[in-house]
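Worksheet for the structure shown next.
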Amino acid sequence: MDVLLLNPPHTAIGSRIPKEQLPPLGLLSIGGPLIDAGFMVRLVDAEFGPMTLGEIVQAVSVQPPSVLMIGHSGSSSVHVTVIDLCERIKRVCPDTLIVYGGVHPTYHWDEILRDHACIDFIVRGEGERTALQLMQALDQGTPLDEVDGIAFRRDGVPTDTPPAEMIRDLDDYRVGWELIEHSRYSYWGGKRAVVVQFSRGCPYPCSYCGQRGYWTQWRHRDPVRFAKELARLHREQGVELINFADELPTGSRKAWKAFLEALIAENVPLLLVGSTRAGDIVRDADILHLYKRAGVIRFLLGIESYDEATIEAIRKKATTTEDRQAIALMREHGIISMATCVIGFQEETDRDYWKTFRHLLSYDPDQIQLLYATPHRWTPFFDDVQDRQVIQEDTRRWDYKHQVLSGGKVPPWRVFLWFKLIEVFVQMRPSQVARMLLHRDPDYRHAMRWYTRMGRRVWFSEVREFVMDTRLRRHGPTLREFLGQSLSHREYALSKKRKTIPVMPVPGKPLDQSSRINIASSRQ
């Protein structure tokens, strides 16, 4: 059987940088194990262009695959596009089986199978092992019930198998880098680039995060093997920039330090960008020089809010003091800090927006990224805000860059005005412009100028879109009415390995060797 991996186009301006494109790591991670198992695998990356839906259908129909696997980083905002695309493909290629994977279908599997006949299978949770086992079952005709972590229809009724056990050793499955032409992918101002994962998961209980429960538990790759893979990508494919997809690559100081030292030993001129927590930067104050030597040029820090009560409400487990310390430490070591701030966790007032602006100025980050609070049904945050009104009913815009929930106390147009003015005045403050133009590190200057150019394009595009093309409900439905009941009980997508504990013997009674107590690790 042959497999076509399809990366659909995204609709959000914030996800696409003109003339630059990053490879779809999730699909490549599925492709590697399938290739190694003997399946014929192809990739169509429709983000190039981007391709229209008609062009994608044409590309698929030229050589209809036995199985089409589609996903887009689990993005809920692309779900409508995926369904539209799959319906078109199914009409032209009715014999092609369509497998849908990622974060969104993992949690919405029953609704998707109930409402959309074009989807044949859903892979729930990590895809490498599950997609491979599904393909082997389809190829060999073995019972689908034996494949954990999938959903399908039995006699027309959506059904699922038990959750797949999480992959303990992330080095067991390789990325199918041979599926792409590396010369087509660039980032950071034309630098040849890839997306990678050193780790999966995050141990922190942030209530709004749509990824934490998906991975269930934090794990990491072998630091030395991972460093060698990155070095090989540079030497053999000319890769210059590494973009980490991890929620928390620095989760283990020991493992992260071992990776940095291994990459330094490889002596390759790579630039590393990613996201981490301010607390890990403060923790690693004594090894930040290793960050810099290994090539770390920027880390995004999830500041989220200046308000301690909000930080506590969203279970961030962070402090504003740590945030300030982390930004100062990164500047001291020549590492760019990008501070994210989320609007809409609470129903803010104009005074709250003014305080947000003042606090961002006082943090003095190199870059900022403002986002709108966007609830996912499988997160505890959904439970907290399910009675707030939805003002944006086009879910293609539920991408963190568009308002979706009513601010309550401030009309949407003024929320948007605050949002865009904060971006301009924080990013273009005189001290930051001076650093962008005069900083002694050429990599820093390049990164700042590139980000400013891209930010300017996005900023004007978003203003134009809001004025010309945005339709917001004045009195919309509540979030629960619009999306349905909470799915937070499904937050943990993967099962942890079951432990076997021997039964304590009773004095005078022989122990039956089959007597064992199987317990599952706690999911809380």
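We label chains A, B, ... in the order they appear in the structure tokens, count residues from 1 in each chain, and number ligands from 1 in the order shown.
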
List every residue of segment 198-308 of chain A that DSSP, applied to the backbone of this structure, assigns to strand (DSSP E or B), and report them as a ChimeraX atom specification.
-> /A:199-200,219-220,241-244,271-276,296-304

Would you list the contacts of Trp215 of chain A as a list in words, taking every protein, DNA or RNA residue within 8 Å and counting only C-alpha atoms, but skipping same-chain residues closer than 2 positions in sequence?
-> Gly125, Glu126, Met166, Arg200, Gly201, Cys202, Gln211, Arg212, Gly213, Gln217, Trp218, Tyr492, Ala493 and Leu494 of chain A

Could you please determine the separation between atom CA of Pro380 of chain A and atom CA of Asp120 of chain A in Å, to one decimal place?
-> 29.5 Å

Using only C-alpha atoms, which residue out of A:Trp109, A:Phe482, A:Tyr214, A:Tyr204 lies closest to Gly127 of chain A?
->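 Looking at the shortest contact to Gly127 of chain A, the residue is A:Tyr214.
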
Given only C-alpha atoms as the counted atoms, nearest of A:Phe419, A:Trp177, A:Phe382, A:Phe39 to Ile368 of chain A |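 Ranking A:Phe419, A:Trp177, A:Phe382, A:Phe39 by distance to Ile368 of chain A, first place goes to A:Phe419.
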
Tell me, in Å to one decimal, how far atom CA of Thr356 of chain A is from atom CA of Gly455 of chain A.
->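 Between atom CA of Thr356 of chain A and atom CA of Gly455 of chain A the gap works out to 19.8 Å.
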
Between A:Cys206, A:Leu271, A:Val157, A:Leu132, which has the minimum distance to Gly32 of chain A (counting only C-alpha atoms)?
-> A:Leu132

Quick one: everything within 10 Å of Asp172 of chain A, counting only C-alpha atoms, minus sequence neighbours fewer than 6 positions away in the same chain. Send it as a PyMOL selection string.
-> chain A and resi 33+128-129+221

May I have the residues within 9 Å of Asp350 of chain A as a PyMOL selection string, using only C-alpha atoms and disregarding those fewer than 4 positions away in the same chain?
-> chain A and resi 354-355+409-410+414-415+418

May I have the residues from that selection written out with C-alpha atoms, as an mmCIF file, in the first residue's frame?
data_model
loop_
_atom_site.group_PDB
_atom_site.id
_atom_site.type_symbol
_atom_site.label_atom_id
_atom_site.label_comp_id
_atom_site.auth_asym_id
_atom_site.auth_seq_id
_atom_site.Cartn_x
_atom_site.Cartn_y
_atom_site.Cartn_z
ATOM 1 C CA TRP A 354 -2.758 50.290 30.099
ATOM 2 C CA LYS A 355 -1.152 48.284 32.915
ATOM 3 C CA LYS A 409 -16.169 45.573 29.564
ATOM 4 C CA VAL A 410 -14.434 46.890 26.423
ATOM 5 C CA ARG A 414 -11.128 49.107 21.288
ATOM 6 C CA VAL A 415 -9.575 45.816 22.365
ATOM 7 C CA TRP A 418 -5.114 48.488 22.386
#

Would you kindly return, as a PyMOL selection string, each protein, DNA or RNA residue with an atom no farther than 9 Å from any atom of segment 317-333 of chain A, considering only C-alpha atoms and excluding same-chain residues fewer than 2 positions away?
-> chain A and resi 204-206+277-282+285+288-289+291-292+298-299+301-303+305-308+311-312+314-315+335-339+362-366

Can I get the selection written as a short mmCIF file (atom, residue, chain, number, x, y, z; two decimals), in the first residue's frame, with N, CA, C and O atoms?
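Final file, again_22.cif:
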data_model
loop_
_atom_site.label_atom_id
_atom_site.label_comp_id
_atom_site.auth_asym_id
_atom_site.auth_seq_id
_atom_site.Cartn_x
_atom_site.Cartn_y
_atom_site.Cartn_z
N TYR A 204 3.96 21.30 33.70
CA TYR A 204 3.24 22.39 34.35
C TYR A 204 1.76 22.37 33.98
O TYR A 204 1.40 22.03 32.86
N PRO A 205 0.88 22.77 34.91
CA PRO A 205 -0.56 22.57 34.73
C PRO A 205 -1.31 23.76 34.12
O PRO A 205 -2.48 23.99 34.46
N CYS A 206 -0.69 24.53 33.24
CA CYS A 206 -1.34 25.71 32.66
C CYS A 206 -2.71 25.32 32.09
O CYS A 206 -2.80 24.43 31.23
N ARG A 277 10.38 28.26 29.56
CA ARG A 277 9.83 29.00 30.69
C ARG A 277 10.90 29.90 31.30
O ARG A 277 12.08 29.54 31.35
N ALA A 278 10.46 31.05 31.79
CA ALA A 278 11.39 31.99 32.41
C ALA A 278 12.11 31.33 33.59
O ALA A 278 13.30 31.57 33.83
N GLY A 279 11.39 30.47 34.30
CA GLY A 279 12.00 29.81 35.46
C GLY A 279 13.19 28.95 35.08
O GLY A 279 14.17 28.86 35.84
N ASP A 280 13.15 28.33 33.91
CA ASP A 280 14.28 27.50 33.48
C ASP A 280 15.49 28.37 33.11
O ASP A 280 16.64 27.96 33.33
N ILE A 281 15.24 29.53 32.57
CA ILE A 281 16.35 30.45 32.27
C ILE A 281 17.02 30.90 33.56
O ILE A 281 18.26 30.91 33.67
N VAL A 282 16.22 31.24 34.56
CA VAL A 282 16.78 31.66 35.85
C VAL A 282 17.53 30.49 36.49
O VAL A 282 18.63 30.66 37.03
N ALA A 285 21.10 30.04 35.02
CA ALA A 285 21.91 31.26 34.92
C ALA A 285 23.40 30.95 34.77
O ALA A 285 24.12 31.64 34.04
N LEU A 288 24.17 29.63 30.95
CA LEU A 288 23.65 30.34 29.78
C LEU A 288 24.73 30.59 28.73
O LEU A 288 24.44 30.76 27.55
N HIS A 289 25.99 30.60 29.18
CA HIS A 289 27.07 30.73 28.20
C HIS A 289 27.10 29.52 27.27
O HIS A 289 27.50 29.64 26.11
N TYR A 291 24.32 27.90 26.34
CA TYR A 291 23.24 28.20 25.41
C TYR A 291 23.80 28.97 24.21
O TYR A 291 23.57 28.63 23.05
N LYS A 292 24.53 30.04 24.55
CA LYS A 292 25.02 30.94 23.50
C LYS A 292 26.04 30.23 22.61
O LYS A 292 26.01 30.35 21.37
N ARG A 298 17.43 32.83 20.17
CA ARG A 298 16.20 33.40 20.73
C ARG A 298 15.39 32.32 21.43
O ARG A 298 15.29 31.20 20.95
N PHE A 299 14.83 32.69 22.56
CA PHE A 299 13.83 31.86 23.22
C PHE A 299 12.58 32.70 23.48
O PHE A 299 12.66 33.84 23.92
N LEU A 301 9.45 33.36 25.73
CA LEU A 301 9.08 33.16 27.13
C LEU A 301 7.58 33.43 27.28
O LEU A 301 7.11 34.51 26.91
N GLY A 302 6.86 32.48 27.82
CA GLY A 302 5.43 32.66 28.00
C GLY A 302 5.12 33.50 29.22
O GLY A 302 4.79 32.98 30.28
N ILE A 303 5.23 34.83 29.06
CA ILE A 303 4.94 35.73 30.17
C ILE A 303 3.44 35.67 30.50
O ILE A 303 3.03 35.62 31.65
N SER A 305 0.84 37.13 31.39
CA SER A 305 0.13 38.21 32.08
C SER A 305 1.05 38.85 33.12
O SER A 305 1.94 38.19 33.66
N TYR A 306 0.81 40.13 33.36
CA TYR A 306 1.55 40.84 34.41
C TYR A 306 0.86 40.66 35.76
O TYR A 306 1.44 40.94 36.81
N ASP A 307 -0.41 40.24 35.74
CA ASP A 307 -1.23 40.22 36.93
C ASP A 307 -1.08 38.89 37.68
O ASP A 307 -1.38 37.83 37.12
N GLU A 308 -0.64 38.96 38.91
CA GLU A 308 -0.38 37.75 39.69
C GLU A 308 -1.66 36.92 39.88
O GLU A 308 -1.62 35.69 39.88
N ILE A 311 -2.22 35.03 36.69
CA ILE A 311 -1.24 33.96 36.59
C ILE A 311 -1.65 32.77 37.47
O ILE A 311 -1.53 31.61 37.08
N GLU A 312 -2.16 33.09 38.64
CA GLU A 312 -2.62 32.03 39.54
C GLU A 312 -3.86 31.34 38.98
O GLU A 312 -3.98 30.11 39.02
N ILE A 314 -4.78 30.90 35.87
CA ILE A 314 -4.51 30.04 34.72
C ILE A 314 -3.48 28.97 35.05
O ILE A 314 -3.03 28.24 34.17
N ARG A 315 -3.07 28.88 36.33
CA ARG A 315 -2.18 27.83 36.84
C ARG A 315 -0.82 27.85 36.14
O ARG A 315 -0.25 26.80 35.81
N ILE A 335 21.26 36.66 24.11
CA ILE A 335 20.16 35.83 23.61
C ILE A 335 18.90 36.66 23.55
O ILE A 335 18.52 37.32 24.52
N ILE A 336 18.24 36.66 22.41
CA ILE A 336 17.03 37.47 22.23
C ILE A 336 15.88 36.88 23.05
O ILE A 336 15.64 35.67 23.03
N SER A 337 15.18 37.75 23.75
CA SER A 337 14.00 37.33 24.51
C SER A 337 12.75 37.80 23.78
O SER A 337 12.63 38.96 23.42
N MET A 338 11.84 36.86 23.54
CA MET A 338 10.52 37.22 23.01
C MET A 338 9.50 36.94 24.11
O MET A 338 9.36 35.80 24.55
N ALA A 339 8.81 37.97 24.55
CA ALA A 339 7.82 37.83 25.62
C ALA A 339 6.43 37.77 25.01
O ALA A 339 6.03 38.64 24.26
N SER A 362 8.34 47.75 31.19
CA SER A 362 9.26 47.56 32.31
C SER A 362 10.03 46.24 32.20
O SER A 362 11.16 46.14 32.68
N TYR A 363 9.43 45.23 31.57
CA TYR A 363 10.15 43.96 31.36
C TYR A 363 11.31 44.16 30.39
O TYR A 363 12.31 43.45 30.46
N ASP A 364 11.15 45.07 29.45
CA ASP A 364 12.18 45.39 28.46
C ASP A 364 12.61 44.18 27.64
O ASP A 364 13.81 43.91 27.49
N PRO A 365 11.66 43.43 27.03
CA PRO A 365 12.04 42.30 26.18
C PRO A 365 12.55 42.79 24.84
O PRO A 365 12.28 43.93 24.43
N ASP A 366 13.26 41.93 24.12
CA ASP A 366 13.73 42.30 22.78
C ASP A 366 12.58 42.26 21.77
O ASP A 366 12.52 43.08 20.86
#

Please provide as JSON, numbers by chain all residues within 12 Å of Arg225 of chain A, with the sequence filter that same-chain residues fewer than 3 positions apart are discarded (counting only C-alpha atoms).
-> {"A": [170, 171, 172, 174, 198, 220, 221, 222, 228, 229, 230, 231, 232, 255, 258, 259, 260, 262, 263, 266]}

DSSP alpha helix (DSSP H) selection over segment 284-396 of chain A, as JSON, numbers by chain | {"A": [288, 289, 290, 291, 292, 293, 294, 308, 309, 310, 311, 312, 313, 320, 321, 322, 323, 324, 325, 326, 327, 328, 329, 330, 331, 332, 350, 351, 352, 353, 354, 355, 356, 357, 358, 359, 360, 361, 362, 363, 380, 381, 382, 383, 384, 385]}
